[in-house]
>>> print(open('run.txt').read())   # compact mmCIF, C-alpha atoms
# COMPACT_ATOMS: atom_id res chain seq x y z
CA MET A 1 88.87 127.31 162.38
CA ARG A 2 91.15 124.74 163.89
CA LEU A 3 90.09 122.58 166.78
CA PHE A 4 92.66 120.98 169.06
CA LEU A 5 91.60 118.02 171.19
CA LEU A 6 93.98 117.18 174.04
CA ARG A 7 93.41 114.27 176.38
CA HIS A 8 94.63 114.83 179.92
CA ALA A 9 98.02 113.39 180.85
CA HIS A 10 98.65 110.46 183.20
CA ALA A 11 97.08 110.97 186.64
CA LYS A 12 97.56 109.49 190.08
CA ASP A 13 95.32 106.58 190.97
CA THR A 14 93.35 108.24 193.78
CA PHE A 15 89.77 108.90 194.79
CA PRO A 16 87.46 110.69 194.12
CA ASP A 17 87.94 110.58 190.36
CA ALA A 18 87.27 114.28 189.77
CA ASP A 19 90.06 115.25 192.20
CA ARG A 20 92.83 113.10 190.70
CA GLU A 21 96.04 115.09 190.15
CA LEU A 22 98.58 114.60 187.40
CA SER A 23 101.35 112.19 188.30
CA GLU A 24 105.05 112.92 187.72
CA LYS A 25 104.71 110.82 184.56
CA GLY A 26 101.83 113.05 183.45
CA VAL A 27 103.82 116.25 183.97
CA GLU A 28 106.69 114.69 181.98
CA GLN A 29 104.27 113.70 179.20
CA ILE A 30 103.09 117.29 178.83
CA GLY A 31 106.70 118.52 178.81
CA LYS A 32 107.68 116.08 176.05
CA LEU A 33 104.61 116.93 174.00
CA CYS A 34 105.16 120.67 174.26
CA SER A 35 108.88 120.45 173.49
CA SER A 36 108.05 118.64 170.24
CA LEU A 37 105.59 121.30 169.03
CA ASN A 38 105.96 124.70 167.39
CA PRO A 39 104.17 127.29 169.59
CA ASP A 40 103.27 129.31 166.47
CA ASN A 41 100.73 126.62 165.56
CA PHE A 42 98.74 127.53 168.67
CA SER A 43 98.91 131.33 168.49
CA ASN A 44 95.36 131.65 167.13
CA ILE A 45 93.70 129.78 170.02
CA VAL A 46 91.18 132.15 171.57
CA GLN A 47 89.65 129.80 174.16
CA ILE A 48 90.65 126.65 176.01
CA TRP A 49 87.63 124.67 177.16
CA HIS A 50 88.43 122.08 179.79
CA SER A 51 86.72 119.50 181.91
CA PRO A 52 86.24 120.52 185.55
CA TYR A 53 88.23 117.42 186.62
CA LEU A 54 91.53 118.42 188.23
CA ARG A 55 93.78 116.42 185.88
CA ALA A 56 92.25 118.16 182.85
CA VAL A 57 92.62 121.58 184.46
CA GLN A 58 96.28 120.86 185.24
CA THR A 59 96.94 119.52 181.72
CA ALA A 60 95.34 122.60 180.14
CA LYS A 61 97.30 124.98 182.36
CA LEU A 62 100.66 123.30 181.71
CA PHE A 63 100.02 123.21 177.96
CA LYS A 64 98.91 126.85 177.90
CA GLU A 65 101.96 128.00 179.86
CA SER A 66 104.46 125.91 177.89
CA MET A 67 103.10 127.00 174.52
CA LYS A 68 102.62 130.63 175.68
CA ILE A 69 98.98 130.66 174.61
CA ASP A 70 97.16 133.91 175.35
CA ALA A 71 93.65 132.51 175.72
CA ASP A 72 91.10 132.19 178.49
CA MET A 73 90.70 128.81 180.17
CA ILE A 74 87.00 128.05 180.43
CA PRO A 75 85.73 125.25 182.70
CA THR A 76 83.06 123.41 180.74
CA SER A 77 80.86 120.98 182.65
CA GLU A 78 79.80 119.22 179.42
CA LEU A 79 83.35 117.83 179.00
CA SER A 80 83.28 115.18 181.72
CA PRO A 81 84.12 111.63 180.59
CA MET A 82 80.60 110.30 180.02
CA ASP A 83 78.99 113.48 178.68
CA ASN A 84 77.15 113.68 175.38
CA PRO A 85 79.48 114.39 172.42
CA HIS A 86 76.55 115.65 170.32
CA ARG A 87 76.00 118.49 172.75
CA VAL A 88 79.66 119.56 172.64
CA ALA A 89 79.75 119.23 168.83
CA ARG A 90 76.75 121.58 168.66
CA MET A 91 78.57 124.05 170.94
CA ILE A 92 81.61 123.93 168.64
CA ALA A 93 79.45 124.34 165.52
CA ALA A 94 77.76 127.38 167.07
CA ILE A 95 81.07 129.24 167.41
CA SER A 96 82.84 127.91 164.32
CA CYS A 97 82.14 130.99 162.19
CA PHE A 98 83.52 133.54 164.67
CA GLY A 99 87.20 133.07 163.79
CA GLY A 100 89.98 131.92 166.04
CA ASP A 101 90.92 128.43 167.12
CA LEU A 102 89.61 126.37 170.02
CA MET A 103 91.35 123.86 172.27
CA ILE A 104 89.45 121.28 174.30
CA VAL A 105 91.14 119.39 177.14
CA SER A 106 89.11 116.46 178.38
CA HIS A 107 88.83 112.68 178.80
CA ASN A 108 87.77 109.51 177.08
CA PRO A 109 85.31 108.36 176.00
CA ILE A 110 83.91 111.83 175.17
CA LEU A 111 87.01 112.91 173.22
CA GLU A 112 87.09 109.78 171.06
CA ASN A 113 83.34 109.98 170.47
CA MET A 114 83.54 113.67 169.60
CA LEU A 115 86.42 113.08 167.17
CA GLU A 116 84.41 110.40 165.37
CA LEU A 117 81.30 112.56 165.36
CA LEU A 118 83.07 115.57 163.85
CA LEU A 119 84.88 113.52 161.22
CA SER A 120 81.91 111.40 160.14
CA ASN A 121 78.82 113.18 161.57
CA ARG A 122 77.99 109.94 163.39
CA TYR A 123 79.37 107.66 166.07
CA PRO A 124 80.28 105.02 166.96
CA SER A 125 82.09 104.09 163.79
CA SER A 126 85.68 102.95 163.48
CA ARG A 127 86.54 104.06 167.03
CA ALA A 128 89.27 106.63 167.01
CA LYS A 129 91.87 106.11 169.73
CA ILE A 130 93.12 109.03 171.78
CA LYS A 131 95.69 107.94 174.35
CA LYS A 132 96.49 109.96 177.47
CA CYS A 133 98.33 113.17 176.55
CA ALA A 134 97.54 112.72 172.84
CA LEU A 135 96.82 115.81 170.77
CA ALA A 136 94.59 115.92 167.69
CA SER A 137 94.17 118.84 165.32
CA LEU A 138 91.09 119.21 163.14
CA MET A 139 90.44 121.82 160.46
CA LEU A 140 86.95 123.04 159.65
CA CYS A 141 86.53 122.56 155.89
CA GLN A 142 82.86 123.47 155.59
CA ALA A 143 80.64 125.47 157.91
CA PRO A 144 77.72 123.71 159.61
CA SER A 145 74.73 123.26 157.31
CA ASP A 146 71.56 121.20 156.89
CA ASP A 147 73.68 118.43 155.37
CA ALA A 148 76.39 118.53 158.05
CA GLU A 149 75.03 119.66 161.41
CA TYR A 150 78.52 120.01 162.93
CA GLY A 151 80.28 121.13 159.76
CA ALA A 152 82.81 119.13 157.76
CA TRP A 153 86.14 118.54 159.50
CA ALA A 154 89.46 117.08 158.39
CA LEU A 155 92.04 115.54 160.70
CA GLU A 156 95.35 117.42 160.36
CA PHE A 157 97.32 115.35 162.83
CA LEU A 158 97.16 113.08 165.85
CA ILE A 159 100.23 112.94 168.06
CA THR A 160 100.34 110.11 170.55
CA PRO A 161 102.76 109.80 173.49
CA SER A 162 104.39 106.72 171.92
CA LEU A 163 105.59 108.91 169.02
CA LEU A 164 107.53 111.08 171.48
CA ARG A 165 109.61 108.38 173.18
>>> encode(input="run.txt", output="structure tokens")
Amino acid sequence: MRLFLLRHAHAKDTFPDADRELSEKGVEQIGKLCSSLNPDNFSNIVQIWHSPYLRAVQTAKLFKESMKIDADMIPTSELSPMDNPHRVARMIAAISCFGGDLMIVSHNPILENMLELLLSNRYPSSRAKIKKCALASLMLCQAPSDDAEYGAWALEFLITPSLLR
């Protein structure tokens, strides 16, 4: 199983927070990211979980359309910024043996905390940094077990917006 973690792109500075839309810069960020990627790498995604916040929904939709991903978008209330990464890691572990890849589109700090948790089975540690519109890919190396509650994961890549300038 591969797990893709995508942080939402740049959003307008409006209120309330959950209703913030992507800015023009954010739409451009998604376009640059998608144009630098091979869509074949995302052909095995079977679900896209996303935060209910508007900017995450818009980011997920633009990415899905640009990469021609044939997967359901699933609003997931546990993916809001301050939610518990342990809970989401358990949800991922529960489906890790079913085949297919998963994409999660969300926010910080939950994405950074979840990345650390999956890579080390604890957090906080060295504090991974996931900038807006950054994409990480993790590969499940070992299924969840008594020794590794969330499984053993390896980081395949982390693409940040600054790499795309």
>>> residues_around(input="run.txt", residues="segment 59-67 of chain A", least_positions_apart="3", cutoff="9 Å", atoms="only C-alpha atoms", output="ChimeraX atom specification")
/A:6-9,22,26-27,30-31,33-35,37-40,42-43,48-50,54-56,70-71,73,103-106,133
>>> residues_around(input="run.txt", residues="Ile130 of chain A", least_positions_apart="5", cutoff="12 Å", atoms="only C-alpha atoms", output="PyMOL selection string")
chain A and resi 5-9+105-116+135-137+157-162
>>> atom_distance(input="run.txt", atom1="atom CA of Arg87 of chain A", atom2="atom CA of Lys12 of chain A")
29.1 Å
>>> closest_residue(input="run.txt", among="A:Ser145, A:Ser36, A:Asn41, A:Ser23", to="Ser96 of chain A", atoms="only C-alpha atoms")
A:Ser145
>>> residues_around(input="run.txt", residues="Ala152 of chain A", least_positions_apart="4", cutoff="9 Å", atoms="all atoms listed in the file", output="count of residues only")
11
>>> closest_residue(input="run.txt", among="A:Tyr53, A:Phe4, A:Phe15, A:Trp153", to="Leu102 of chain A", atoms="all atoms listed in the file")
A:Phe4
>>> atom_distance(input="run.txt", atom1="atom CA of Asn44 of chain A", atom2="atom CA of Ala93 of chain A")
17.6 Å
>>> atom_distance(input="run.txt", atom1="atom CA of Gln47 of chain A", atom2="atom CA of Gly100 of chain A")
8.4 Å
>>> closest_residue(input="run.txt", among="A:Gly151, A:Gly99, A:Pro81, A:Pro75", to="Ala18 of chain A", atoms="only C-alpha atoms")
A:Pro81
>>> decode(input="run.txt", residues="segment 19-60 of chain A", atoms="C-alpha atoms", output="mmCIF file, in the first residue's frame")
data_model
loop_
_atom_site.group_PDB
_atom_site.id
_atom_site.type_symbol
_atom_site.label_atom_id
_atom_site.label_comp_id
_atom_site.auth_asym_id
_atom_site.auth_seq_id
_atom_site.Cartn_x
_atom_site.Cartn_y
_atom_site.Cartn_z
ATOM 1 C CA ASP A 19 -14.889 28.128 4.805
ATOM 2 C CA ARG A 20 -11.618 29.546 3.448
ATOM 3 C CA GLU A 21 -11.310 29.055 -0.320
ATOM 4 C CA LEU A 22 -8.143 28.472 -2.296
ATOM 5 C CA SER A 23 -6.514 31.647 -3.532
ATOM 6 C CA GLU A 24 -5.286 32.138 -7.108
ATOM 7 C CA LYS A 25 -1.824 31.279 -5.775
ATOM 8 C CA GLY A 26 -3.228 28.037 -4.360
ATOM 9 C CA VAL A 27 -4.818 27.020 -7.661
ATOM 10 C CA GLU A 28 -1.492 27.765 -9.396
ATOM 11 C CA GLN A 29 0.362 25.674 -6.790
ATOM 12 C CA ILE A 30 -1.823 22.659 -7.525
ATOM 13 C CA GLY A 31 -1.338 23.162 -11.267
ATOM 14 C CA LYS A 32 2.464 23.272 -10.921
ATOM 15 C CA LEU A 33 2.497 20.235 -8.659
ATOM 16 C CA CYS A 34 0.313 18.168 -10.971
ATOM 17 C CA SER A 35 2.230 19.159 -14.102
ATOM 18 C CA SER A 36 5.435 17.871 -12.491
ATOM 19 C CA LEU A 37 3.994 14.437 -11.645
ATOM 20 C CA ASN A 38 3.367 11.269 -13.631
ATOM 21 C CA PRO A 39 -0.352 10.392 -13.345
ATOM 22 C CA ASP A 40 0.507 6.678 -13.541
ATOM 23 C CA ASN A 41 1.912 6.893 -10.006
ATOM 24 C CA PHE A 42 -1.592 7.645 -8.723
ATOM 25 C CA SER A 43 -3.600 5.110 -10.735
ATOM 26 C CA ASN A 44 -3.932 2.703 -7.794
ATOM 27 C CA ILE A 45 -5.552 5.237 -5.438
ATOM 28 C CA VAL A 46 -8.906 3.805 -4.405
ATOM 29 C CA GLN A 47 -9.982 6.496 -1.924
ATOM 30 C CA ILE A 48 -9.209 10.146 -1.260
ATOM 31 C CA TRP A 49 -9.905 11.101 2.342
ATOM 32 C CA HIS A 50 -10.110 14.832 2.904
ATOM 33 C CA SER A 51 -10.763 17.300 5.653
ATOM 34 C CA PRO A 52 -14.226 18.880 5.567
ATOM 35 C CA TYR A 53 -12.583 22.338 5.348
ATOM 36 C CA LEU A 54 -13.284 23.963 1.979
ATOM 37 C CA ARG A 55 -9.632 24.520 1.002
ATOM 38 C CA ALA A 56 -8.875 20.816 1.496
ATOM 39 C CA VAL A 57 -11.943 19.792 -0.515
ATOM 40 C CA GLN A 58 -10.902 22.111 -3.355
ATOM 41 C CA THR A 59 -7.291 20.886 -3.260
ATOM 42 C CA ALA A 60 -8.416 17.242 -3.370
#
